[in-house]
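Asks: This structure is in structure tokens; I'll ask about it shortly.
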Amino acid sequence: MQKHIYILFFLLCLSLPATAKTIKTVEGTYTFYAPSTMSMQQAEQEAIRRAQINALASAFGRIIVENTTSIQTEQDELFYQEGNSHVKGEWIETIGEPKIERGFYENGFYVTCTIKGKAREIVSAKTDIDIKVLCNHPDADFEHTEFKSGDRLYVSIKAAENGYITIYLYDKKADIVSCLLPYPWDNNSVNAIKRDKKYVLFSKSLNELPAKAVEYVMNCTDDMEVNTLYVLFSRKEFSKPTLNVTGNKRTIGNLSYTQFQRWLTKCQSENETLQIIKKNINISTE
């Protein structure tokens, strides 16, 4: 009996490190030279995103997908080869605050970001998902992330597999993350969607979810603000975080960014099918 206990304990010890090794600490740096049309806040967000990509690429490598195209001309047949690079890891959690340095050069300004965090290697194929941010027109086919204060927000989503979704909006200035989906009066933690079916969210006229839709209006107080939309998709059902709700059940639940990131990290560590798609939305007063 004691021998069997030792064997069982040994097998458990073998299995635990395999899971623990999938998450590791990574670090990356990127200098982003901003075009004249971009604000400092937008440039910082882009520098952070690219620094994360560099950190993931250094730790886990890249996948190069090559496409070859032939074009027939009168003289000869020409071949063009294009390469698309995809990192083989996903960002789990940022450790501390990203280090941001700003500077100017002859034609504009640049932002250098150094970031450290926890990440996990992607070892299985992710579900193919098409997500578009729509401005004012829920039936539009093209994405539009440039908003003016007072514009309405819609999101279209279509996934290749059955799954569950939820959507949160991060307002950096207020340091608040609001739960946009499920809707305030929906008691579900997430919403189920069917594969290969297009859903338009936050539209009363096109709503196909069980709960009555809420339409959201984007606002800002500064000349330009950047909000981040978090769309979470998983093939497995998952629980929601504890939200602060004041007033009646029609009030949108929210939590601080720190609380949101803590919950997000927990969900990612427990659910390997969870996918997080982030969309930056630029809001201006003019």
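Going by the structure tokens order, chains are called A, B, ..., each with residues numbered from 1, while ligands are numbered from 1 in the order shown.
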Need the shell around Asp141 (chain A): protein/DNA/RNA residues with any atom at most 9 Å away, counting only C-alpha atoms. Skip same-chain ones fewer than 6 positions apart. Format as a PyMOL selection string?
Replies: chain A and resi 132+134+156
Asks: Tell me, as JSON, numbers by chain, which residues lie within 9 Å of Asn271 (chain A), counting only C-alpha atoms; anything in the same chain fewer than 2 positions away does not count.
Replies: {"A": [234, 236, 238, 266, 267, 268, 269, 273, 274]}
Asks: Please dump the current selection as a tab-separated table (two decimals), in the first residue's frame; keep all heavy atoms.
Replies:
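Saved the output as again-v5.tsv:
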```
chain	number	residue	atom	x	y	z
A	234	SER	N	-14.18	32.08	-25.00
A	234	SER	CA	-13.68	30.80	-24.52
A	234	SER	C	-14.60	29.68	-24.99
A	234	SER	O	-15.82	29.86	-25.09
A	234	SER	CB	-13.62	30.80	-22.99
A	234	SER	OG	-13.32	29.50	-22.50
A	236	LYS	N	-14.91	27.15	-23.20
A	236	LYS	CA	-15.47	26.69	-21.93
A	236	LYS	C	-16.17	27.86	-21.23
A	236	LYS	O	-15.73	29.01	-21.33
A	236	LYS	CB	-14.37	26.16	-21.02
A	236	LYS	CG	-13.57	25.01	-21.58
A	236	LYS	CD	-12.46	24.63	-20.61
A	236	LYS	CE	-11.59	23.51	-21.14
A	236	LYS	NZ	-10.48	23.20	-20.19
A	238	PHE	N	-16.99	30.32	-18.24
A	238	PHE	CA	-16.15	30.82	-17.14
A	238	PHE	C	-16.93	31.83	-16.32
A	238	PHE	O	-17.93	32.39	-16.77
A	238	PHE	CB	-14.85	31.43	-17.68
A	238	PHE	CG	-15.05	32.54	-18.69
A	238	PHE	CD1	-14.96	33.87	-18.32
A	238	PHE	CD2	-15.31	32.24	-20.03
A	238	PHE	CE1	-15.14	34.89	-19.25
A	238	PHE	CE2	-15.48	33.25	-20.96
A	238	PHE	CZ	-15.40	34.58	-20.57
A	266	LYS	N	-6.20	35.17	-13.33
A	266	LYS	CA	-6.73	33.93	-12.77
A	266	LYS	C	-7.46	33.13	-13.84
A	266	LYS	O	-7.29	31.91	-13.94
A	266	LYS	CB	-7.67	34.27	-11.61
A	266	LYS	CG	-8.29	33.06	-10.91
A	266	LYS	CD	-9.12	33.51	-9.71
A	266	LYS	CE	-9.76	32.31	-8.99
A	266	LYS	NZ	-10.81	31.68	-9.80
A	267	CYS	N	-8.28	33.81	-14.65
A	267	CYS	CA	-9.03	33.13	-15.71
A	267	CYS	C	-8.09	32.50	-16.73
A	267	CYS	O	-8.29	31.36	-17.15
A	267	CYS	CB	-9.96	34.12	-16.42
A	267	CYS	SG	-11.41	34.59	-15.45
A	268	GLN	N	-7.05	33.22	-17.13
A	268	GLN	CA	-6.11	32.70	-18.12
A	268	GLN	C	-5.33	31.50	-17.60
A	268	GLN	O	-5.05	30.55	-18.35
A	268	GLN	CB	-5.14	33.79	-18.55
A	268	GLN	CG	-5.74	34.79	-19.53
A	268	GLN	CD	-4.70	35.79	-20.01
A	268	GLN	OE1	-4.29	36.66	-19.26
A	268	GLN	NE2	-4.27	35.64	-21.24
A	269	SER	N	-4.96	31.53	-16.31
A	269	SER	CA	-4.19	30.42	-15.74
A	269	SER	C	-5.04	29.17	-15.59
A	269	SER	O	-4.52	28.05	-15.60
A	269	SER	CB	-3.60	30.84	-14.39
A	269	SER	OG	-4.63	31.13	-13.46
A	273	THR	N	-8.39	27.72	-23.03
A	273	THR	CA	-9.11	28.08	-24.25
A	273	THR	C	-9.50	29.56	-24.27
A	273	THR	O	-10.05	30.03	-25.26
A	273	THR	CB	-10.39	27.25	-24.41
A	273	THR	OG1	-11.39	27.68	-23.47
A	273	THR	CG2	-10.11	25.76	-24.20
A	274	LEU	N	-9.22	30.28	-23.18
A	274	LEU	CA	-9.61	31.69	-23.11
A	274	LEU	C	-8.76	32.53	-24.07
A	274	LEU	O	-7.54	32.47	-24.05
A	274	LEU	CB	-9.45	32.21	-21.69
A	274	LEU	CG	-9.90	33.66	-21.46
A	274	LEU	CD1	-11.41	33.80	-21.62
A	274	LEU	CD2	-9.47	34.15	-20.08
```
Asks: For Arg262 (chain A), find every residue with an atom within 12 Å (counting only C-alpha atoms), except residues of its own chain fewer than 4 positions away, and show them as an MDAnalysis selection string.
Replies: chainID A and resid 92:95 240:242 255:258 266:269
Asks: Residues as selected, N, CA, C and O atoms, written as an mmCIF file, in the first residue's frame, can you do that?
Replies:
```
data_model
loop_
_atom_site.group_PDB
_atom_site.id
_atom_site.type_symbol
_atom_site.label_atom_id
_atom_site.label_comp_id
_atom_site.auth_asym_id
_atom_site.auth_seq_id
_atom_site.Cartn_x
_atom_site.Cartn_y
_atom_site.Cartn_z
ATOM 1 N N ILE A 92 -0.032 37.298 -20.201
ATOM 2 C CA ILE A 92 -0.917 36.960 -19.092
ATOM 3 C C ILE A 92 -1.079 38.126 -18.124
ATOM 4 O O ILE A 92 -2.192 38.523 -17.778
ATOM 5 N N GLU A 93 0.050 38.711 -17.691
ATOM 6 C CA GLU A 93 -0.013 39.731 -16.647
ATOM 7 C C GLU A 93 1.196 40.653 -16.748
ATOM 8 O O GLU A 93 2.317 40.189 -16.977
ATOM 9 N N THR A 94 0.976 41.950 -16.570
ATOM 10 C CA THR A 94 2.072 42.912 -16.534
ATOM 11 C C THR A 94 2.582 43.033 -15.102
ATOM 12 O O THR A 94 1.797 43.183 -14.170
ATOM 13 N N ILE A 95 3.895 42.968 -14.962
ATOM 14 C CA ILE A 95 4.517 43.100 -13.649
ATOM 15 C C ILE A 95 4.961 44.551 -13.461
ATOM 16 O O ILE A 95 5.798 45.053 -14.215
ATOM 17 N N LYS A 240 -17.561 35.300 -13.835
ATOM 18 C CA LYS A 240 -17.279 36.728 -13.933
ATOM 19 C C LYS A 240 -16.618 37.220 -12.645
ATOM 20 O O LYS A 240 -16.646 36.533 -11.622
ATOM 21 N N PRO A 241 -16.014 38.418 -12.666
ATOM 22 C CA PRO A 241 -15.448 38.974 -11.434
ATOM 23 C C PRO A 241 -16.539 39.598 -10.574
ATOM 24 O O PRO A 241 -17.672 39.795 -11.028
ATOM 25 N N THR A 242 -16.212 39.931 -9.344
ATOM 26 C CA THR A 242 -17.138 40.652 -8.473
ATOM 27 C C THR A 242 -17.178 42.113 -8.912
ATOM 28 O O THR A 242 -16.135 42.768 -8.992
ATOM 29 N N LEU A 255 -15.328 47.662 -11.945
ATOM 30 C CA LEU A 255 -14.283 47.360 -10.977
ATOM 31 C C LEU A 255 -13.030 48.114 -11.380
ATOM 32 O O LEU A 255 -12.943 48.647 -12.496
ATOM 33 N N SER A 256 -12.059 48.184 -10.488
ATOM 34 C CA SER A 256 -10.829 48.901 -10.802
ATOM 35 C C SER A 256 -9.997 48.093 -11.791
ATOM 36 O O SER A 256 -10.181 46.876 -11.941
ATOM 37 N N TYR A 257 -9.072 48.756 -12.446
ATOM 38 C CA TYR A 257 -8.214 48.083 -13.425
ATOM 39 C C TYR A 257 -7.365 47.007 -12.753
ATOM 40 O O TYR A 257 -7.160 45.931 -13.313
ATOM 41 N N THR A 258 -6.873 47.280 -11.540
ATOM 42 C CA THR A 258 -6.074 46.305 -10.801
ATOM 43 C C THR A 258 -6.883 45.053 -10.500
ATOM 44 O O THR A 258 -6.403 43.919 -10.671
ATOM 45 N N LYS A 266 -6.198 35.171 -13.330
ATOM 46 C CA LYS A 266 -6.728 33.931 -12.766
ATOM 47 C C LYS A 266 -7.463 33.130 -13.838
ATOM 48 O O LYS A 266 -7.288 31.905 -13.937
ATOM 49 N N CYS A 267 -8.278 33.814 -14.650
ATOM 50 C CA CYS A 267 -9.029 33.129 -15.710
ATOM 51 C C CYS A 267 -8.087 32.497 -16.726
ATOM 52 O O CYS A 267 -8.290 31.356 -17.154
ATOM 53 N N GLN A 268 -7.051 33.218 -17.128
ATOM 54 C CA GLN A 268 -6.110 32.697 -18.119
ATOM 55 C C GLN A 268 -5.327 31.495 -17.596
ATOM 56 O O GLN A 268 -5.051 30.552 -18.348
ATOM 57 N N SER A 269 -4.956 31.535 -16.312
ATOM 58 C CA SER A 269 -4.191 30.424 -15.742
ATOM 59 C C SER A 269 -5.043 29.169 -15.587
ATOM 60 O O SER A 269 -4.520 28.051 -15.600
#
```
Asks: Report as number ranges by chain all protein, DNA and RNA residues lying within 12 Å of Leu243 (chain A), evaluated on only C-alpha atoms, omitting residues in the same chain fewer than 4 positions from it.
Replies: A: 168, 176-180, 184, 189, 239, 251-257, 259-260, 263
Asks: Okay, now the selection with all heavy atoms, as a short mmCIF file (atom, residue, chain, number, x, y, z; two decimals), in the first residue's frame?
Replies:
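Written out: selection-v8.cif:
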```cif
data_model
loop_
_atom_site.label_atom_id
_atom_site.label_comp_id
_atom_site.auth_asym_id
_atom_site.auth_seq_id
_atom_site.Cartn_x
_atom_site.Cartn_y
_atom_site.Cartn_z
N TYR A 168 -15.64 43.90 -21.80
CA TYR A 168 -15.37 44.94 -20.80
C TYR A 168 -14.72 46.14 -21.48
O TYR A 168 -14.01 45.99 -22.49
CB TYR A 168 -14.45 44.41 -19.70
CG TYR A 168 -15.10 43.37 -18.81
CD1 TYR A 168 -15.19 42.04 -19.21
CD2 TYR A 168 -15.66 43.73 -17.60
CE1 TYR A 168 -15.81 41.09 -18.41
CE2 TYR A 168 -16.28 42.78 -16.78
CZ TYR A 168 -16.35 41.47 -17.20
OH TYR A 168 -16.97 40.54 -16.40
N ILE A 176 -11.31 52.76 -14.42
CA ILE A 176 -12.48 51.91 -14.20
C ILE A 176 -12.66 50.99 -15.40
O ILE A 176 -12.52 51.40 -16.55
CB ILE A 176 -13.75 52.76 -13.99
CG1 ILE A 176 -13.73 53.42 -12.61
CG2 ILE A 176 -15.01 51.90 -14.13
CD1 ILE A 176 -14.93 54.31 -12.35
N VAL A 177 -12.97 49.74 -15.11
CA VAL A 177 -13.32 48.77 -16.15
C VAL A 177 -14.80 48.44 -15.99
O VAL A 177 -15.23 47.98 -14.92
CB VAL A 177 -12.47 47.49 -16.03
CG1 VAL A 177 -12.86 46.50 -17.12
CG2 VAL A 177 -10.99 47.82 -16.11
N SER A 178 -15.58 48.68 -17.03
CA SER A 178 -17.03 48.47 -16.98
C SER A 178 -17.41 47.23 -17.77
O SER A 178 -16.85 46.96 -18.84
CB SER A 178 -17.76 49.69 -17.56
OG SER A 178 -17.45 50.85 -16.83
N CYS A 179 -18.37 46.48 -17.24
CA CYS A 179 -18.87 45.28 -17.92
C CYS A 179 -19.98 45.68 -18.89
O CYS A 179 -21.08 46.06 -18.47
CB CYS A 179 -19.40 44.27 -16.90
SG CYS A 179 -20.06 42.77 -17.65
N LEU A 180 -19.71 45.60 -20.19
CA LEU A 180 -20.72 45.94 -21.20
C LEU A 180 -21.58 44.75 -21.59
O LEU A 180 -22.72 44.91 -21.99
CB LEU A 180 -20.03 46.51 -22.45
CG LEU A 180 -19.11 47.73 -22.25
CD1 LEU A 180 -18.66 48.27 -23.60
CD2 LEU A 180 -19.79 48.82 -21.44
N PRO A 184 -26.59 44.63 -18.05
CA PRO A 184 -26.79 44.80 -16.60
C PRO A 184 -27.87 43.91 -16.00
O PRO A 184 -27.72 43.43 -14.87
CB PRO A 184 -27.16 46.28 -16.47
CG PRO A 184 -26.50 46.93 -17.64
CD PRO A 184 -26.57 45.92 -18.75
N SER A 189 -23.09 34.98 -16.31
CA SER A 189 -21.72 35.48 -16.22
C SER A 189 -21.14 35.77 -17.59
O SER A 189 -20.32 36.67 -17.76
CB SER A 189 -20.83 34.47 -15.50
OG SER A 189 -21.22 34.30 -14.16
N SER A 239 -16.46 32.06 -15.09
CA SER A 239 -17.18 32.93 -14.16
C SER A 239 -16.76 34.39 -14.34
O SER A 239 -15.70 34.68 -14.89
CB SER A 239 -16.92 32.50 -12.72
OG SER A 239 -15.54 32.55 -12.43
N THR A 251 -27.91 49.41 -13.61
CA THR A 251 -26.61 50.06 -13.50
C THR A 251 -25.51 49.13 -14.02
O THR A 251 -25.48 47.95 -13.69
CB THR A 251 -26.31 50.45 -12.04
OG1 THR A 251 -27.36 51.27 -11.56
CG2 THR A 251 -24.99 51.20 -11.95
N ILE A 252 -24.60 49.68 -14.81
CA ILE A 252 -23.50 48.90 -15.35
C ILE A 252 -22.51 48.59 -14.23
O ILE A 252 -22.06 49.49 -13.52
CB ILE A 252 -22.78 49.66 -16.48
CG1 ILE A 252 -23.76 49.92 -17.64
CG2 ILE A 252 -21.59 48.88 -16.99
CD1 ILE A 252 -23.19 50.78 -18.73
N GLY A 253 -22.16 47.33 -14.06
CA GLY A 253 -21.19 46.94 -13.04
C GLY A 253 -19.78 47.30 -13.46
O GLY A 253 -19.44 47.30 -14.65
N ASN A 254 -18.93 47.63 -12.48
CA ASN A 254 -17.55 48.00 -12.79
C ASN A 254 -16.61 47.54 -11.68
O ASN A 254 -17.04 47.12 -10.61
CB ASN A 254 -17.44 49.51 -13.03
CG ASN A 254 -17.84 50.31 -11.82
OD1 ASN A 254 -17.15 50.30 -10.79
ND2 ASN A 254 -18.97 51.02 -11.90
N LEU A 255 -15.33 47.66 -11.94
CA LEU A 255 -14.28 47.36 -10.98
C LEU A 255 -13.03 48.11 -11.38
O LEU A 255 -12.94 48.65 -12.50
CB LEU A 255 -14.01 45.86 -10.88
CG LEU A 255 -13.40 45.13 -12.08
CD1 LEU A 255 -12.95 43.73 -11.65
CD2 LEU A 255 -14.34 45.00 -13.27
N SER A 256 -12.06 48.18 -10.49
CA SER A 256 -10.83 48.90 -10.80
C SER A 256 -10.00 48.09 -11.79
O SER A 256 -10.18 46.88 -11.94
CB SER A 256 -10.02 49.16 -9.53
OG SER A 256 -9.47 47.95 -9.04
N TYR A 257 -9.07 48.76 -12.45
CA TYR A 257 -8.21 48.08 -13.43
C TYR A 257 -7.36 47.01 -12.75
O TYR A 257 -7.16 45.93 -13.31
CB TYR A 257 -7.33 49.11 -14.13
CG TYR A 257 -6.45 48.52 -15.20
CD1 TYR A 257 -6.99 48.04 -16.39
CD2 TYR A 257 -5.07 48.44 -15.03
CE1 TYR A 257 -6.19 47.50 -17.38
CE2 TYR A 257 -4.25 47.90 -16.01
CZ TYR A 257 -4.82 47.43 -17.18
OH TYR A 257 -4.02 46.89 -18.17
N GLN A 259 -8.13 45.24 -10.04
CA GLN A 259 -9.00 44.09 -9.77
C GLN A 259 -9.29 43.31 -11.05
O GLN A 259 -9.32 42.07 -11.04
CB GLN A 259 -10.31 44.58 -9.15
CG GLN A 259 -10.16 45.16 -7.75
CD GLN A 259 -11.45 45.82 -7.28
OE1 GLN A 259 -12.15 46.48 -8.06
NE2 GLN A 259 -11.77 45.65 -6.01
N PHE A 260 -9.52 44.03 -12.13
CA PHE A 260 -9.81 43.39 -13.42
C PHE A 260 -8.64 42.55 -13.89
O PHE A 260 -8.81 41.39 -14.33
CB PHE A 260 -10.15 44.46 -14.46
CG PHE A 260 -10.41 43.92 -15.84
CD1 PHE A 260 -11.55 43.18 -16.11
CD2 PHE A 260 -9.51 44.17 -16.87
CE1 PHE A 260 -11.80 42.68 -17.38
CE2 PHE A 260 -9.75 43.68 -18.15
CZ PHE A 260 -10.89 42.94 -18.41
N TRP A 263 -8.33 39.34 -11.87
CA TRP A 263 -9.32 38.34 -12.30
C TRP A 263 -8.94 37.75 -13.65
O TRP A 263 -9.04 36.54 -13.87
CB TRP A 263 -10.70 38.99 -12.37
CG TRP A 263 -11.73 38.16 -13.07
CD1 TRP A 263 -12.37 37.06 -12.58
CD2 TRP A 263 -12.23 38.34 -14.41
NE1 TRP A 263 -13.25 36.56 -13.53
CE2 TRP A 263 -13.17 37.32 -14.64
CE3 TRP A 263 -11.96 39.28 -15.40
CZ2 TRP A 263 -13.85 37.21 -15.86
CZ3 TRP A 263 -12.64 39.17 -16.61
CH2 TRP A 263 -13.56 38.15 -16.83
#
```
Asks: Would you please extract all strand (DSSP E) residues from region 138-170 of chain A, as assigned by DSSP on the backbone, and give them as a VMD selection string?
Replies: chain A and resid 146 to 148 152 to 159 163 to 170
Asks: How would the residues just chosen look if you wrote them out with N, CA, C and O atoms as a compact mmCIF listing (two decimals), in the first residue's frame?
Replies:
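The result, written out as result.txt:
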```
# COMPACT_ATOMS: atom_id res chain seq x y z
N GLU A 146 -12.32 55.12 -34.61
CA GLU A 146 -12.20 56.56 -34.34
C GLU A 146 -13.60 57.10 -34.02
O GLU A 146 -14.47 57.14 -34.88
N PHE A 147 -13.80 57.54 -32.77
CA PHE A 147 -15.11 58.01 -32.32
C PHE A 147 -15.04 59.49 -31.94
O PHE A 147 -13.99 59.99 -31.53
N LYS A 148 -16.18 60.13 -32.06
CA LYS A 148 -16.36 61.46 -31.50
C LYS A 148 -17.31 61.34 -30.31
O LYS A 148 -18.14 60.43 -30.26
N ARG A 152 -22.25 56.26 -31.04
CA ARG A 152 -22.70 54.99 -30.47
C ARG A 152 -21.72 53.87 -30.81
O ARG A 152 -21.16 53.82 -31.91
N LEU A 153 -21.55 52.97 -29.85
CA LEU A 153 -20.63 51.85 -30.01
C LEU A 153 -21.39 50.56 -30.29
O LEU A 153 -22.36 50.22 -29.60
N TYR A 154 -20.95 49.84 -31.34
CA TYR A 154 -21.46 48.52 -31.64
C TYR A 154 -20.27 47.59 -31.89
O TYR A 154 -19.18 48.05 -32.26
N VAL A 155 -20.47 46.30 -31.68
CA VAL A 155 -19.42 45.31 -31.91
C VAL A 155 -20.02 44.11 -32.64
O VAL A 155 -21.07 43.59 -32.22
N SER A 156 -19.39 43.69 -33.72
CA SER A 156 -19.81 42.47 -34.40
C SER A 156 -18.80 41.37 -34.11
O SER A 156 -17.59 41.62 -34.02
N ILE A 157 -19.30 40.15 -33.94
CA ILE A 157 -18.43 39.02 -33.63
C ILE A 157 -18.93 37.77 -34.34
O ILE A 157 -20.14 37.52 -34.41
N LYS A 158 -17.98 37.00 -34.85
CA LYS A 158 -18.30 35.73 -35.51
C LYS A 158 -17.15 34.77 -35.21
O LYS A 158 -15.99 35.07 -35.51
N ALA A 159 -17.46 33.63 -34.60
CA ALA A 159 -16.43 32.68 -34.20
C ALA A 159 -16.60 31.37 -34.96
O ALA A 159 -17.71 30.99 -35.34
N GLY A 163 -19.00 28.85 -28.30
CA GLY A 163 -18.26 29.32 -27.15
C GLY A 163 -19.03 30.33 -26.33
O GLY A 163 -20.25 30.48 -26.47
N TYR A 164 -18.29 31.04 -25.49
CA TYR A 164 -18.88 32.02 -24.57
C TYR A 164 -18.09 33.32 -24.66
O TYR A 164 -16.86 33.32 -24.79
N ILE A 165 -18.81 34.44 -24.60
CA ILE A 165 -18.14 35.74 -24.69
C ILE A 165 -18.58 36.67 -23.57
O ILE A 165 -19.66 36.52 -22.99
N THR A 166 -17.72 37.63 -23.29
CA THR A 166 -18.04 38.73 -22.40
C THR A 166 -17.19 39.91 -22.85
O THR A 166 -16.12 39.72 -23.45
N ILE A 167 -17.66 41.14 -22.60
CA ILE A 167 -16.95 42.33 -23.08
C ILE A 167 -16.84 43.36 -21.96
O ILE A 167 -17.82 43.64 -21.26
N TYR A 168 -15.64 43.90 -21.80
CA TYR A 168 -15.37 44.94 -20.80
C TYR A 168 -14.72 46.14 -21.48
O TYR A 168 -14.01 45.99 -22.49
N LEU A 169 -14.95 47.33 -20.92
CA LEU A 169 -14.37 48.57 -21.45
C LEU A 169 -13.54 49.23 -20.36
O LEU A 169 -14.04 49.50 -19.26
N TYR A 170 -12.26 49.50 -20.69
CA TYR A 170 -11.34 50.12 -19.74
C TYR A 170 -11.19 51.61 -20.05
O TYR A 170 -10.75 51.98 -21.13
```
Asks: I'd like the neighbourhood of Gly150 (chain A) as an MDAnalysis selection string, where a residue qualifies if any of its atoms comes within 6 Å (using only C-alpha atoms), though same-chain residues fewer than 2 positions away should be ignored.
Replies: chainID A and resid 217:219
Asks: Residues within 12 Å of Gln41 (chain A), please, as an NGL selection string. Count only C-alpha atoms; anything in the same chain fewer than 3 positions from it doesn't count.
Replies: :A and (34 or 37-38 or 44-48 or 100 or 102 or 109-111 or 172-173 or 222-227 or 280-283)
Asks: May I have the residues from that selection written out with N, CA and C atoms, as a compact mmCIF listing (two decimals), in the first residue's frame?
Replies:
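Produced file result_1.txt, reproduced below:
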```txt
# COMPACT_ATOMS: atom_id res chain seq x y z
N ALA A 34 6.11 57.88 -33.78
CA ALA A 34 4.70 58.18 -34.04
C ALA A 34 4.52 59.08 -35.25
N THR A 37 -0.15 62.39 -37.10
CA THR A 37 -1.59 62.33 -36.84
C THR A 37 -1.93 61.65 -35.52
N MET A 38 -0.93 61.11 -34.83
CA MET A 38 -1.18 60.33 -33.62
C MET A 38 -0.90 61.15 -32.37
N GLU A 44 1.76 55.86 -26.90
CA GLU A 44 2.15 55.06 -25.74
C GLU A 44 1.49 53.69 -25.78
N GLN A 45 0.20 53.65 -26.12
CA GLN A 45 -0.51 52.38 -26.21
C GLN A 45 0.12 51.47 -27.26
N GLU A 46 0.51 52.05 -28.40
CA GLU A 46 1.12 51.26 -29.47
C GLU A 46 2.51 50.78 -29.07
N ALA A 47 3.28 51.62 -28.38
CA ALA A 47 4.61 51.21 -27.93
C ALA A 47 4.52 50.07 -26.92
N ILE A 48 3.53 50.13 -26.03
CA ILE A 48 3.31 49.05 -25.05
C ILE A 48 2.96 47.76 -25.78
N ILE A 100 8.13 54.11 -19.53
CA ILE A 100 7.87 54.89 -20.73
C ILE A 100 8.85 56.06 -20.80
N ARG A 102 9.90 59.31 -23.45
CA ARG A 102 9.44 60.09 -24.61
C ARG A 102 10.56 60.97 -25.13
N PHE A 109 7.74 62.88 -32.73
CA PHE A 109 8.15 62.37 -31.43
C PHE A 109 8.16 60.84 -31.43
N TYR A 110 8.84 60.28 -30.45
CA TYR A 110 8.89 58.83 -30.32
C TYR A 110 8.63 58.43 -28.86
N VAL A 111 8.21 57.19 -28.67
CA VAL A 111 7.97 56.64 -27.35
C VAL A 111 8.69 55.31 -27.24
N LYS A 172 -9.03 54.48 -19.00
CA LYS A 172 -7.77 54.69 -18.29
C LYS A 172 -7.82 55.93 -17.41
N LYS A 173 -8.46 56.99 -17.89
CA LYS A 173 -8.50 58.24 -17.13
C LYS A 173 -9.22 58.04 -15.80
N ASP A 222 -11.56 65.14 -22.25
CA ASP A 222 -10.36 65.74 -22.84
C ASP A 222 -10.51 65.83 -24.36
N ASP A 223 -9.55 66.48 -25.00
CA ASP A 223 -9.60 66.58 -26.46
C ASP A 223 -9.52 65.21 -27.10
N MET A 224 -8.73 64.31 -26.50
CA MET A 224 -8.58 62.96 -27.02
C MET A 224 -8.39 61.98 -25.87
N GLU A 225 -9.14 60.89 -25.88
CA GLU A 225 -9.00 59.83 -24.89
C GLU A 225 -8.95 58.49 -25.60
N VAL A 226 -8.24 57.55 -25.00
CA VAL A 226 -8.15 56.19 -25.54
C VAL A 226 -8.76 55.22 -24.53
N ASN A 227 -9.82 54.54 -24.94
CA ASN A 227 -10.41 53.48 -24.13
C ASN A 227 -10.04 52.14 -24.77
N ASN A 280 -8.29 49.14 -29.16
CA ASN A 280 -8.21 50.52 -28.67
C ASN A 280 -9.18 51.40 -29.42
N ILE A 281 -9.96 52.17 -28.68
CA ILE A 281 -10.95 53.07 -29.27
C ILE A 281 -10.53 54.51 -28.95
N ASN A 282 -10.35 55.32 -29.98
CA ASN A 282 -9.95 56.71 -29.82
C ASN A 282 -11.20 57.60 -29.84
N ILE A 283 -11.36 58.40 -28.81
CA ILE A 283 -12.53 59.28 -28.69
C ILE A 283 -12.06 60.73 -28.63
```
Asks: Assign secondary structure with DSSP using the backbone only, and return the residues of region 29-240 of chain A in helix (DSSP H, G or I) as a list in words.
Replies: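 Output for region 29-240 of chain A, helix (DSSP H, G or I) only: Met40, Gln41, Gln42, Ala43, Glu44, Gln45, Glu46, Ala47, Ile48, Arg49, Arg50, Ala51, Gln52, Ile53, Asn54, Ala55, Leu56, Ala57, Ser58, Ala59 and Phe60 of chain A.
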Asks: Interatomic distance between CA of Tyr33 (chain A) and CA of Gln52 (chain A)?
Replies: 16.4 Å
Asks: Which one of A:Lys118, A:Asn191, A:Gln261, A:Asp139 sits closest to Ser203 (chain A) if you count only C-alpha atoms?
Replies: A:Asp139
Asks: For the atom pair CA of Asn244 (chain A) and CA of Asn188 (chain A), what is the interatomic distance in Å to one decimal place?
Replies: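 CA of Asn188 (chain A) lies at a distance of 16.1 Å from CA of Asn244 (chain A).
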Asks: Mind pulling up the distance from CA of Ile277 (chain A) to CA of Leu229 (chain A)?
Replies: 8.1 Å
